[in-house]
$ cat query_10.cif   # mmCIF, C-alpha atoms and all ligand atoms
data_query
#
loop_
_atom_site.label_atom_id
_atom_site.label_comp_id
_atom_site.auth_asym_id
_atom_site.auth_seq_id
_atom_site.Cartn_x
_atom_site.Cartn_y
_atom_site.Cartn_z
CA MET A 1477 -16.04 -15.03 -13.24
CA ASP A 1478 -13.56 -16.10 -15.84
CA MET A 1479 -13.25 -13.27 -18.33
CA GLU A 1480 -10.35 -12.27 -20.54
CA THR A 1481 -8.09 -9.71 -18.87
CA GLN A 1482 -6.52 -7.25 -21.26
CA ILE A 1483 -3.28 -5.43 -20.33
CA ILE A 1484 -2.92 -2.19 -22.27
CA LYS A 1485 0.39 -0.32 -22.16
CA VAL A 1486 -0.06 3.44 -21.87
CA HIS A 1487 2.93 5.33 -23.16
CA ASP A 1488 1.64 8.79 -23.63
CA ILE A 1489 -1.57 10.36 -22.38
CA VAL A 1490 -2.05 12.46 -25.52
CA ASN A 1491 -1.38 9.81 -28.19
CA ASP A 1492 -3.18 7.11 -26.27
CA GLU A 1493 -6.46 9.04 -26.23
CA ALA A 1494 -8.34 6.06 -27.70
CA VAL A 1495 -7.24 3.90 -24.77
CA PHE A 1496 -8.65 6.36 -22.25
CA LEU A 1497 -11.91 6.68 -24.18
CA LYS A 1498 -12.28 2.91 -24.07
CA ALA A 1499 -11.30 2.60 -20.39
CA GLY A 1500 -13.61 5.51 -19.49
CA GLU A 1501 -16.46 3.69 -21.23
CA VAL A 1502 -15.80 0.52 -19.20
CA ILE A 1503 -16.03 2.57 -15.98
CA LYS A 1504 -19.19 4.40 -17.12
CA LYS A 1505 -20.85 1.06 -17.90
CA GLY A 1506 -20.18 -0.20 -14.38
CA GLY A 1507 -17.07 -2.26 -15.20
CA LEU A 1508 -13.67 -2.49 -13.49
CA VAL A 1509 -10.36 -1.05 -14.72
CA ALA A 1510 -7.05 -1.42 -12.88
CA PHE A 1511 -4.79 1.60 -13.23
CA PRO A 1512 -1.47 2.96 -11.93
CA THR A 1513 -1.13 5.69 -9.32
CA GLU A 1514 2.05 7.15 -7.80
CA THR A 1515 1.61 4.82 -4.78
CA VAL A 1516 0.27 1.41 -5.90
CA TYR A 1517 -2.07 0.14 -8.64
CA GLY A 1518 -5.76 0.71 -7.97
CA LEU A 1519 -8.82 -1.35 -8.93
CA GLY A 1520 -11.26 1.25 -10.21
CA ALA A 1521 -15.03 1.49 -10.63
CA ASP A 1522 -17.61 4.28 -10.87
CA GLY A 1523 -17.52 5.72 -7.35
CA LEU A 1524 -21.15 6.84 -7.46
CA ASP A 1525 -22.56 3.51 -8.68
CA SER A 1526 -23.14 1.01 -5.90
CA THR A 1527 -23.49 -1.99 -8.23
CA ALA A 1528 -20.16 -1.17 -9.88
CA CYS A 1529 -18.54 -0.84 -6.44
CA ALA A 1530 -19.99 -4.20 -5.39
CA GLY A 1531 -17.92 -5.61 -8.27
CA ILE A 1532 -14.73 -4.36 -6.58
CA TYR A 1533 -15.54 -6.24 -3.36
CA LYS A 1534 -16.28 -9.38 -5.34
CA ALA A 1535 -13.10 -9.25 -7.48
CA LYS A 1536 -10.87 -8.66 -4.42
CA GLY A 1537 -12.69 -10.88 -1.94
CA ARG A 1538 -12.79 -7.81 0.29
CA PRO A 1539 -14.79 -7.70 3.56
CA SER A 1540 -17.85 -5.51 3.02
CA ASP A 1541 -17.22 -3.37 6.14
CA ASN A 1542 -13.97 -2.04 4.64
CA PRO A 1543 -14.81 1.24 2.85
CA LEU A 1544 -13.38 2.39 -0.49
CA ILE A 1545 -11.66 5.71 -1.17
CA LEU A 1546 -12.66 8.00 -4.05
CA HIS A 1547 -10.11 9.25 -6.57
CA VAL A 1548 -10.66 12.68 -8.13
CA SER A 1549 -8.92 14.46 -11.01
CA ASP A 1550 -8.97 17.99 -9.60
CA ARG A 1551 -10.12 20.23 -6.74
CA ALA A 1552 -13.57 20.81 -8.32
CA MET A 1553 -14.36 17.10 -8.25
CA VAL A 1554 -13.78 17.04 -4.46
CA ASP A 1555 -16.96 19.10 -4.13
CA MET A 1556 -18.95 16.44 -6.01
CA VAL A 1557 -18.52 14.09 -3.03
CA ALA A 1558 -17.55 16.20 0.02
CA GLU A 1559 -20.29 17.88 2.07
CA GLU A 1560 -17.71 20.25 3.52
CA VAL A 1561 -13.97 20.86 3.32
CA SER A 1562 -12.61 22.41 6.52
CA PRO A 1563 -9.98 25.18 6.36
CA LEU A 1564 -7.23 22.78 7.48
CA ALA A 1565 -8.33 20.15 4.95
CA GLU A 1566 -8.16 22.91 2.33
CA LYS A 1567 -4.59 23.68 3.43
CA LEU A 1568 -3.64 20.02 3.09
CA ILE A 1569 -5.11 19.91 -0.41
CA ALA A 1570 -3.15 23.01 -1.40
CA ALA A 1571 0.07 21.62 0.06
CA PHE A 1572 -0.04 17.97 -1.02
CA CYS A 1573 -2.54 17.44 -3.88
CA PRO A 1574 -2.13 15.94 -6.32
CA GLY A 1575 -0.09 13.57 -4.20
CA PRO A 1576 -0.03 10.49 -1.97
CA ILE A 1577 -2.56 11.59 0.65
CA THR A 1578 -6.18 10.57 1.33
CA ILE A 1579 -8.28 13.03 3.31
CA ILE A 1580 -11.36 11.84 5.21
CA VAL A 1581 -14.24 14.31 4.76
CA LYS A 1582 -17.96 14.38 5.47
CA LYS A 1583 -19.65 12.70 2.50
CA LYS A 1584 -22.43 13.99 0.28
CA ARG A 1585 -25.65 11.99 -0.10
CA CYS A 1586 -24.70 10.92 -3.64
CA VAL A 1587 -21.88 8.74 -2.28
CA PRO A 1588 -23.40 5.27 -1.86
CA ASP A 1589 -23.23 3.29 1.37
CA SER A 1590 -21.45 0.49 -0.47
CA VAL A 1591 -18.48 2.87 -0.89
CA THR A 1592 -18.31 4.05 2.72
CA GLY A 1593 -19.40 0.89 4.49
CA GLY A 1594 -22.25 2.90 6.01
CA LEU A 1595 -19.96 5.64 7.45
CA ASP A 1596 -20.96 9.29 6.97
CA THR A 1597 -17.42 10.13 5.87
CA VAL A 1598 -15.48 9.33 2.70
CA GLY A 1599 -11.77 9.26 1.82
CA VAL A 1600 -10.82 11.55 -1.07
CA ARG A 1601 -7.56 11.26 -2.97
CA MET A 1602 -6.12 13.13 -5.98
CA PRO A 1603 -3.37 10.90 -7.39
CA ASP A 1604 -0.17 12.42 -8.77
CA ASN A 1605 -0.18 10.24 -11.86
CA ASP A 1606 -1.19 11.35 -15.36
CA VAL A 1607 -2.66 7.99 -16.35
CA ALA A 1608 -4.84 7.92 -13.22
CA ARG A 1609 -6.09 11.49 -13.58
CA THR A 1610 -6.69 11.16 -17.34
CA LEU A 1611 -8.78 8.04 -16.69
CA ILE A 1612 -10.83 9.86 -14.03
CA LYS A 1613 -11.43 12.73 -16.47
CA ALA A 1614 -12.44 10.29 -19.21
CA ALA A 1615 -14.92 8.65 -16.84
CA GLY A 1616 -16.17 12.11 -15.79
CA ARG A 1617 -16.76 11.06 -12.20
CA PRO A 1618 -14.83 10.04 -9.07
CA ILE A 1619 -13.36 6.56 -9.28
CA ALA A 1620 -13.53 4.29 -6.24
CA ALA A 1621 -10.32 2.30 -6.01
CA PRO A 1622 -8.71 0.11 -3.40
CA SER A 1623 -5.30 -1.38 -4.10
CA ALA A 1624 -5.64 -3.90 -6.97
CA ASN A 1625 -4.65 -7.02 -5.01
CA ILE A 1626 -6.65 -9.96 -3.72
CA SER A 1627 -7.67 -8.94 -0.19
CA GLY A 1628 -4.88 -9.58 2.33
CA ARG A 1629 -2.06 -9.81 -0.25
CA PRO A 1630 0.71 -7.25 -0.83
CA SER A 1631 -0.46 -4.31 -2.94
CA PRO A 1632 0.64 -4.43 -6.59
CA THR A 1633 3.25 -1.93 -7.79
CA THR A 1634 3.44 -3.24 -11.37
CA ALA A 1635 0.82 -4.21 -13.97
CA GLU A 1636 2.23 -7.75 -13.86
CA ALA A 1637 1.52 -8.03 -10.12
CA VAL A 1638 -2.05 -6.84 -10.79
CA TYR A 1639 -2.40 -9.49 -13.49
CA ASN A 1640 -1.20 -12.24 -11.14
CA ASP A 1641 -4.01 -11.44 -8.69
CA MET A 1642 -6.80 -10.21 -11.02
CA LYS A 1643 -6.44 -12.44 -14.11
CA GLY A 1644 -9.91 -13.66 -15.14
CA ARG A 1645 -11.63 -11.32 -12.66
CA ILE A 1646 -11.47 -7.95 -14.45
CA PRO A 1647 -11.58 -6.91 -18.13
CA MET A 1648 -8.79 -4.32 -18.27
CA ILE A 1649 -5.46 -3.28 -16.75
CA LEU A 1650 -3.79 -0.02 -17.80
CA ASP A 1651 -0.03 -0.53 -17.61
CA GLY A 1652 1.77 2.70 -16.79
CA GLY A 1653 5.00 1.09 -15.56
CA PRO A 1654 6.15 0.62 -11.96
CA CYS A 1655 4.71 2.92 -9.25
CA GLN A 1656 6.90 5.72 -7.95
CA PHE A 1657 6.38 5.35 -4.16
CA GLY A 1658 5.41 1.73 -3.63
CA VAL A 1659 3.44 2.21 -0.40
CA GLU A 1660 -0.15 3.44 -0.21
CA SER A 1661 -1.22 7.00 0.49
CA THR A 1662 -1.20 8.51 3.95
CA ILE A 1663 -4.78 8.56 5.29
CA VAL A 1664 -5.63 11.55 7.49
CA GLU A 1665 -8.61 12.72 9.44
CA VAL A 1666 -8.90 16.44 10.17
CA THR A 1667 -10.48 17.72 13.37
CA GLY A 1668 -10.21 21.45 14.08
CA ASN A 1669 -6.51 22.30 13.94
CA GLU A 1670 -5.34 18.71 14.33
CA VAL A 1671 -4.40 16.12 11.72
CA VAL A 1672 -4.69 12.49 12.80
CA ILE A 1673 -2.84 9.90 10.71
CA LEU A 1674 -5.01 6.79 10.29
CA ARG A 1675 -2.55 5.05 7.96
CA PRO A 1676 1.07 6.16 7.57
CA GLY A 1677 2.23 6.57 3.98
CA ALA A 1678 4.37 8.54 1.59
CA ILE A 1679 3.39 11.91 3.11
CA THR A 1680 5.30 11.65 6.41
CA PRO A 1681 4.37 13.10 9.85
CA GLU A 1682 7.32 15.46 9.42
CA MET A 1683 5.81 16.82 6.16
CA LEU A 1684 2.34 17.20 7.73
CA ASN A 1685 3.88 19.07 10.65
CA GLU A 1686 4.94 21.83 8.30
CA VAL A 1687 1.30 22.54 7.41
CA ALA A 1688 -0.70 21.64 10.54
CA GLU A 1689 -0.25 22.86 14.10
CA ARG A 1690 -0.85 19.45 15.58
CA VAL A 1691 -0.20 16.04 14.05
CA SER A 1692 -0.85 12.76 15.81
CA ILE A 1693 -1.00 9.11 14.85
CA ASP A 1694 -4.02 6.91 15.60
CA PRO A 1695 -2.58 4.93 18.56
CA ALA A 1696 -4.11 1.71 17.25
CA VAL A 1697 -2.07 1.90 14.06
CA MET A 1698 1.42 0.92 15.23
CA GLY A 1699 0.83 -0.52 18.66
CA ASP A 1700 -2.31 -2.64 18.53
CA ILE A 1701 -4.05 -0.57 21.23
CA GLY A 1702 -7.77 -0.32 20.52
CA VAL A 1703 -9.49 -0.56 17.15
CA PRO A 1704 -7.96 1.40 14.23
CA LYS A 1705 -10.15 4.18 12.83
CA ALA A 1706 -9.43 3.11 9.24
CA PRO A 1707 -11.39 -0.15 9.10
CA GLY A 1708 -8.91 -1.78 6.71
CA MET A 1709 -6.06 -1.41 9.21
CA LYS A 1710 -7.45 -4.09 11.49
CA TYR A 1711 -6.92 -6.95 9.05
CA ARG A 1712 -3.74 -8.96 8.47
CA HIS A 1713 -2.51 -7.49 5.24
CA TYR A 1714 0.36 -7.34 2.78
CA ALA A 1715 1.07 -10.97 3.58
CA PRO A 1716 3.29 -13.16 1.43
CA LYS A 1717 2.27 -16.83 1.17
CA ALA A 1718 4.95 -18.02 3.63
CA PRO A 1719 4.92 -16.73 7.24
CA LEU A 1720 7.08 -13.67 7.79
CA ILE A 1721 9.15 -12.84 10.88
CA LEU A 1722 10.58 -9.36 11.39
CA ILE A 1723 14.03 -8.96 12.92
CA LYS A 1724 14.79 -5.66 14.58
CA ALA A 1725 18.28 -5.26 16.00
CA ASP A 1726 21.32 -2.99 15.94
CA GLU A 1727 23.52 -3.23 12.87
CA ASN A 1728 26.40 -4.86 14.71
CA ILE A 1729 24.39 -7.80 16.05
CA ILE A 1730 21.71 -8.31 13.40
CA GLY A 1731 23.96 -10.75 11.51
CA ASN A 1732 24.23 -12.97 14.63
CA ILE A 1733 20.49 -13.05 15.05
CA PHE A 1734 19.87 -13.97 11.44
CA TYR A 1735 22.55 -16.67 11.84
CA ARG A 1736 20.90 -18.17 14.91
CA GLU A 1737 17.40 -18.19 13.39
CA ILE A 1738 18.48 -19.66 10.06
CA LYS A 1739 20.56 -22.36 11.76
CA LYS A 1740 17.53 -23.40 13.82
CA ARG A 1741 15.36 -23.68 10.69
CA LYS A 1742 18.00 -25.54 8.69
CA GLU A 1743 18.38 -28.14 11.43
CA ASN A 1744 14.65 -28.78 11.10
CA GLY A 1745 14.80 -28.93 7.30
CA VAL A 1746 12.86 -25.69 6.84
CA SER A 1747 13.70 -23.58 3.77
CA VAL A 1748 14.38 -19.92 4.50
CA GLY A 1749 14.04 -16.65 2.60
CA MET A 1750 15.47 -13.31 3.71
CA ILE A 1751 14.68 -9.70 2.88
CA LEU A 1752 17.67 -7.58 3.85
CA SER A 1753 19.30 -4.21 3.44
CA ASP A 1754 22.26 -4.07 1.04
CA GLU A 1755 24.57 -3.63 4.04
CA THR A 1756 23.37 -6.69 5.94
CA MET A 1757 23.39 -8.75 2.77
CA ALA A 1758 27.00 -7.77 2.05
CA ALA A 1759 27.98 -8.61 5.62
CA LEU A 1760 26.38 -12.06 5.40
CA LYS A 1761 27.77 -13.08 2.02
CA GLY A 1762 30.38 -15.80 2.05
CA ASN A 1763 29.13 -17.47 5.22
CA SER A 1764 28.06 -21.02 4.34
CA ILE A 1765 24.84 -20.98 6.34
CA TYR A 1766 23.63 -17.85 4.59
CA ASP A 1767 24.36 -19.32 1.20
CA GLU A 1768 21.72 -21.96 1.89
CA ALA A 1769 19.00 -19.34 2.32
CA LEU A 1770 17.44 -17.33 -0.49
CA MET A 1771 18.28 -13.66 0.05
CA ILE A 1772 17.02 -10.54 -1.63
CA SER A 1773 17.84 -6.95 -0.88
CA TYR A 1774 15.37 -4.08 -0.52
CA GLY A 1775 18.10 -1.49 -0.99
CA PRO A 1776 20.49 0.63 1.11
CA ARG A 1777 19.49 0.89 4.80
CA MET A 1778 19.28 4.70 4.80
CA ASP A 1779 17.42 5.05 1.48
CA LYS A 1780 13.80 4.74 2.65
CA LYS A 1781 12.42 5.84 -0.72
CA ALA A 1782 14.19 2.97 -2.46
CA ILE A 1783 13.06 0.51 0.23
CA ALA A 1784 9.41 1.62 -0.01
CA ALA A 1785 9.48 1.30 -3.80
CA LYS A 1786 10.80 -2.28 -3.59
CA LEU A 1787 8.93 -3.50 -0.52
CA TYR A 1788 5.86 -5.20 -2.02
CA GLU A 1789 7.83 -6.73 -4.87
CA ALA A 1790 10.14 -8.22 -2.24
CA LEU A 1791 7.16 -9.59 -0.28
CA ARG A 1792 5.73 -11.15 -3.46
CA PHE A 1793 9.11 -12.50 -4.64
CA PHE A 1794 9.05 -15.61 -2.43
CA ASP A 1795 5.52 -16.64 -3.47
CA THR A 1796 6.87 -18.48 -6.51
CA LYS A 1797 9.81 -20.05 -4.61
CA LYS A 1798 9.94 -23.09 -2.34
CA ILE A 1799 10.28 -21.12 0.87
CA GLU A 1800 8.64 -22.02 4.17
CA VAL A 1801 9.57 -19.01 6.30
CA ILE A 1802 10.75 -15.48 5.48
CA PHE A 1803 12.84 -13.24 7.74
CA ALA A 1804 12.85 -9.51 7.05
CA GLU A 1805 15.15 -6.82 8.43
CA ALA A 1806 13.31 -3.98 10.18
CA VAL A 1807 14.07 -0.31 9.41
CA ASN A 1808 13.98 2.64 11.83
CA GLU A 1809 10.69 4.52 11.94
CA ASP A 1810 11.88 7.98 10.89
CA GLY A 1811 10.19 9.62 7.88
CA LEU A 1812 8.97 7.05 5.39
CA GLY A 1813 10.23 4.35 7.81
CA LEU A 1814 6.95 4.64 9.72
CA ALA A 1815 4.94 3.49 6.69
CA ILE A 1816 7.46 0.77 5.80
CA MET A 1817 7.40 -0.65 9.35
CA ASN A 1818 3.60 -0.42 9.52
CA ARG A 1819 3.33 -2.61 6.40
CA LEU A 1820 6.06 -5.02 7.53
CA LYS A 1821 4.42 -5.47 10.95
CA LYS A 1822 1.09 -6.21 9.29
CA ALA A 1823 2.71 -8.65 6.87
CA ALA A 1824 4.33 -10.39 9.85
CA GLY A 1825 1.03 -10.54 11.74
CA GLY A 1826 2.90 -9.27 14.82
CA GLN A 1827 5.79 -11.78 14.71
CA MET A 1828 8.95 -9.84 15.56
CA ILE A 1829 12.29 -10.67 17.15
CA GLU A 1830 13.73 -7.61 18.83
CA ALA A 1831 17.24 -7.26 20.24
CA GLU A 1832 19.18 -4.30 21.50
CA ASN A 1833 22.91 -4.01 21.49
CA GLY A 1834 24.37 -6.10 24.30
CA VAL A 1835 21.02 -7.55 25.33
CA LYS A 1836 20.85 -11.30 24.93
CA VAL A 1837 17.66 -12.65 23.36
O1 LIG B 1901 -2.50 4.82 -2.23
C1 LIG B 1901 -3.65 4.44 -2.02
O2 LIG B 1901 -4.37 4.95 -1.14
C2 LIG B 1901 -4.21 3.30 -2.88
C3 LIG B 1901 -4.25 3.79 -4.33
C4 LIG B 1901 -4.89 2.78 -5.27
O3 LIG B 1901 -4.91 5.02 -4.39
N1 LIG B 1901 -5.48 2.87 -2.43
C5 LIG B 1901 -5.65 2.14 -1.28
O4 LIG B 1901 -6.97 1.78 -1.02
O5 LIG B 1901 -4.71 1.83 -0.57
P1 LIG B 1901 -7.34 0.64 0.03
O6 LIG B 1901 -8.80 0.42 -0.13
O7 LIG B 1901 -6.47 -0.55 -0.18
O8 LIG B 1901 -7.10 1.29 1.41
C6 LIG B 1901 -7.95 2.34 1.86
C7 LIG B 1901 -7.99 2.40 3.35
C8 LIG B 1901 -8.63 1.18 4.00
O9 LIG B 1901 -7.84 0.79 5.11
C9 LIG B 1901 -9.99 1.72 4.48
O10 LIG B 1901 -10.45 1.05 5.62
C10 LIG B 1901 -9.67 3.17 4.77
O11 LIG B 1901 -8.80 3.52 3.73
N2 LIG B 1901 -10.86 4.05 4.68
C11 LIG B 1901 -11.66 4.22 3.61
N3 LIG B 1901 -12.67 5.09 3.87
C12 LIG B 1901 -12.50 5.47 5.17
C13 LIG B 1901 -13.23 6.35 6.05
N4 LIG B 1901 -14.32 7.00 5.66
N5 LIG B 1901 -12.75 6.51 7.32
C14 LIG B 1901 -11.62 5.87 7.72
N6 LIG B 1901 -10.90 5.03 6.93
C15 LIG B 1901 -11.34 4.82 5.68
MG MG B 1902 -5.24 -2.25 0.19
#
$ encode --input "query_10.cif" --output "structure tokens" --more "lines below"
Ligand code: TXA
Ligand code: MG
Amino acid sequence: MDMETQIIKVHDIVNDEAVFLKAGEVIKKGGLVAFPTETVYGLGADGLDSTACAGIYKAKGRPSDNPLILHVSDRAMVDMVAEEVSPLAEKLIAAFCPGPITIIVKKKRCVPDSVTGGLDTVGVRMPDNDVARTLIKAAGRPIAAPSANISGRPSPTTAEAVYNDMKGRIPMILDGGPCQFGVESTIVEVTGNEVVILRPGAITPEMLNEVAERVSIDPAVMGDIGVPKAPGMKYRHYAPKAPLILIKADENIIGNIFYREIKKRKENGVSVGMILSDETMAALKGNSIYDEALMISYGPRMDKKAIAAKLYEALRFFDTKKIEVIFAEAVNEDGLGLAIMNRLKKAAGGQMIEAENGVKV
């Protein structure tokens, strides 16, 4: 499947009407178009056409039991694919859509099994991005779209990152600039008056708590207990090419732990990369051992929005460098920190060094 992959810059949704007509035609004919959303870039196909959706699995190398979510342009399009929308789901739509949330609903018959992996539910998402919604309108139907990466890799947050993974595999990428949030949507299931988070994301538990009486998190998501309800959450994911080890420790000792780990690797001739907060990076600068490692910052420790927006770029950064192991600094799990840590833990495949103040490790 070696086709030419066109990147088309979209500056303005009114003046670029011809671009959307063309991209809409590709979708209608069963082809694939990558497009920006406020979270990450998606790899889109006609969500009601099972052959078109099969193309998504092929281009990504995605396991066939991992269902796709459907992107809609407005509330009316939800009814094209949802058998019913419960009162609480309706409240979530009113509060957060368009926005970075995916709501699992009972599917209509028209939604093919190749989209849902045989489940009788489907994830519905209304992206808060003009390029995405204009494309959906141009196609005139819901667009199935997973993140536009090769399966298992970090999700792309720029058109360039999409191109690196999808070159030769898809005909068209719409370039709408870097994504605003940088981590995927929050996936929720609604049962009665309870919201269950199946994948943490940009809509935080704190935000959901303001709309729903009860909010819980699928216990399998953070702690590896049982099988996650979102099938995709069970795979190793977001992984850079080199192995990643998370380091979680108090600010005043994290430098010592990095020092010890890097020293060990250096003695064995292993090249090291580090993903750090601005603060830890500043604290480490000037020490000879740290100068031998390749460091990048994901932003200020307390600015979770900035960290989320930079996270996948940081994970992809080392892929083009001669690095054999990457260490990343953990963040606390408040607010958006839950989603950031969920992705970092997955990228690390469970490898984490944890140390509390005063406790020797
Ligand atoms: O922000 C996002 O959600 C991005 C952008 C492109 O919209 N999309 C995205 O799609 O992250 P994807 O396919 O990479 O992740 C969707 C997740 C997978 O883990 C999948 O298993 C889960 O949603 N999922 C899909 N349908 C489901 C269902 N009916 N029940 C439970 N989980 C479902
Ligand atoms: Mg994905």
$ closest_residue --input "query_10.cif" --among "A:Tyr1533, A:Ile1802, A:Ala1621, A:Gly1500" --to "A:Glu1737" --atoms "all atoms listed in the file"
A:Ile1802
$ residues_around --input "query_10.cif" --residues "stretch 1539-1548 of chain A" --least-positions-apart "2" --cutoff "8 Å" --atoms "only C-alpha atoms" --output "ChimeraX atom specification"
/A:1523,1533,1537,1550-1551,1553-1554,1578,1590-1593,1598-1603,1609,1612,1617-1622,1707-1708
$ closest_residue --input "query_10.cif" --among "A:Cys1573, A:Ala1715, A:Val1490, A:Ala1678" --to "ligand LIG 1901 (chain B)" --atoms "all atoms listed in the file"
A:Ala1678
$ atom_distance --input "query_10.cif" --atom1 "atom N1 of ligand LIG 1901 (chain B)" --atom2 "atom CA of A:Asp1522"
14.8 Å
$ residues_around --input "query_10.cif" --residues "A:Val1691" --least-positions-apart "3" --cutoff "6 Å" --atoms "only C-alpha atoms" --output "list in words"
Glu1670, Val1671 and Val1672 of chain A
$ closest_residue --input "query_10.cif" --among "A:Ala1804, A:Ile1723, A:Asn1818, A:Glu1755" --to "A:Lys1710" --atoms "all atoms listed in the file"
A:Asn1818
$ closest_residue --input "query_10.cif" --among "A:Leu1497, A:Val1607, A:Val1703, A:Val1659" --to "ligand MG 1902 (chain B)" --atoms "all atoms listed in the file"
A:Val1659
$ residues_near_ligand --input "query_10.cif" --ligand "ligand MG 1902 (chain B)" --cutoff "10 Å" --atoms "only C-alpha atoms and all ligand atoms" --output "ChimeraX atom specification"
/A:1516-1519,1536,1538,1542,1544,1621-1632,1659-1660,1708-1709,1713-1714
$ write_last_selection --input "query_10.cif" --atoms "C-alpha atoms" --output "PDB file, in the coordinates of the input"
ATOM      1  CA  VAL A1516       0.270   1.410  -5.900  1.00  0.00           C
ATOM      2  CA  TYR A1517      -2.070   0.140  -8.640  1.00  0.00           C
ATOM      3  CA  GLY A1518      -5.760   0.710  -7.970  1.00  0.00           C
ATOM      4  CA  LEU A1519      -8.820  -1.350  -8.930  1.00  0.00           C
ATOM      5  CA  LYS A1536     -10.870  -8.660  -4.420  1.00  0.00           C
ATOM      6  CA  ARG A1538     -12.790  -7.810   0.290  1.00  0.00           C
ATOM      7  CA  ASN A1542     -13.970  -2.040   4.640  1.00  0.00           C
ATOM      8  CA  LEU A1544     -13.380   2.390  -0.490  1.00  0.00           C
ATOM      9  CA  ALA A1621     -10.320   2.300  -6.010  1.00  0.00           C
ATOM     10  CA  PRO A1622      -8.710   0.110  -3.400  1.00  0.00           C
ATOM     11  CA  SER A1623      -5.300  -1.380  -4.100  1.00  0.00           C
ATOM     12  CA  ALA A1624      -5.640  -3.900  -6.970  1.00  0.00           C
ATOM     13  CA  ASN A1625      -4.650  -7.020  -5.010  1.00  0.00           C
ATOM     14  CA  ILE A1626      -6.650  -9.960  -3.720  1.00  0.00           C
ATOM     15  CA  SER A1627      -7.670  -8.940  -0.190  1.00  0.00           C
ATOM     16  CA  GLY A1628      -4.880  -9.580   2.330  1.00  0.00           C
ATOM     17  CA  ARG A1629      -2.060  -9.810  -0.250  1.00  0.00           C
ATOM     18  CA  PRO A1630       0.710  -7.250  -0.830  1.00  0.00           C
ATOM     19  CA  SER A1631      -0.460  -4.310  -2.940  1.00  0.00           C
ATOM     20  CA  PRO A1632       0.640  -4.430  -6.590  1.00  0.00           C
ATOM     21  CA  VAL A1659       3.440   2.210  -0.400  1.00  0.00           C
ATOM     22  CA  GLU A1660      -0.150   3.440  -0.210  1.00  0.00           C
ATOM     23  CA  GLY A1708      -8.910  -1.780   6.710  1.00  0.00           C
ATOM     24  CA  MET A1709      -6.060  -1.410   9.210  1.00  0.00           C
ATOM     25  CA  HIS A1713      -2.510  -7.490   5.240  1.00  0.00           C
ATOM     26  CA  TYR A1714       0.360  -7.340   2.780  1.00  0.00           C
TER      27      TYR A1714
END
$ residues_around --input "query_10.cif" --residues "A:Glu1809" --least-positions-apart "3" --cutoff "12 Å" --atoms "only C-alpha atoms" --output "list in words"
Pro1676, Gly1677, Thr1680, Pro1681, Glu1682, Met1698, Lys1724, Arg1777, Met1778, Lys1780, Ala1806, Leu1812, Gly1813, Leu1814, Ala1815, Ile1816, Met1817, Asn1818, Arg1819, Leu1820 and Lys1821 of chain A
$ closest_residue --input "query_10.cif" --among "A:Ala1784, A:Ile1679, A:Val1664, A:Val1807" --to "A:Asp1694" --atoms "only C-alpha atoms"
A:Val1664
$ closest_residue --input "query_10.cif" --among "A:Asn1732, A:Thr1515, A:Ser1773, A:Gln1482" --to "ligand LIG 1901 (chain B)" --atoms "all atoms listed in the file"
A:Thr1515
$ atom_distance --input "query_10.cif" --atom1 "atom CA of A:Arg1741" --atom2 "atom CA of A:Val1801"
8.6 Å
$ atom_distance --input "query_10.cif" --atom1 "atom CA of A:Gly1653" --atom2 "atom O3 of ligand LIG 1901 (chain B)"
15.4 Å
$ residues_around --input "query_10.cif" --residues "A:Asp1767" --least-positions-apart "3" --cutoff "12 Å" --atoms "only C-alpha atoms" --output "list in words"
Tyr1735, Ile1738, Lys1739, Lys1742, Ser1747, Val1748, Gly1749, Met1750, Met1757, Ala1758, Leu1760, Lys1761, Gly1762, Asn1763, Ser1764, Leu1770, Met1771 and Ile1772 of chain A
$ decode --input "query_10.cif" --residues "stretch 1752-1767 of chain A" --atoms "C-alpha atoms" --output "PDB file, in the first residue's frame"
ATOM      1  CA  LEU A1752      11.649  16.219  32.944  1.00  0.00           C
ATOM      2  CA  SER A1753       9.765  19.136  34.389  1.00  0.00           C
ATOM      3  CA  ASP A1754      11.383  22.559  33.947  1.00  0.00           C
ATOM      4  CA  GLU A1755      12.162  22.584  37.678  1.00  0.00           C
ATOM      5  CA  THR A1756      13.964  19.238  37.748  1.00  0.00           C
ATOM      6  CA  MET A1757      15.824  20.105  34.571  1.00  0.00           C
ATOM      7  CA  ALA A1758      17.037  23.390  36.075  1.00  0.00           C
ATOM      8  CA  ALA A1759      18.120  21.593  39.236  1.00  0.00           C
ATOM      9  CA  LEU A1760      20.120  19.025  37.270  1.00  0.00           C
ATOM     10  CA  LYS A1761      21.885  21.411  34.909  1.00  0.00           C
ATOM     11  CA  GLY A1762      25.597  21.848  35.451  1.00  0.00           C
ATOM     12  CA  ASN A1763      26.151  18.396  36.934  1.00  0.00           C
ATOM     13  CA  SER A1764      28.558  16.512  34.666  1.00  0.00           C
ATOM     14  CA  ILE A1765      26.655  13.227  34.701  1.00  0.00           C
ATOM     15  CA  TYR A1766      23.458  14.910  33.565  1.00  0.00           C
ATOM     16  CA  ASP A1767      25.236  16.649  30.734  1.00  0.00           C
TER      17      ASP A1767
END
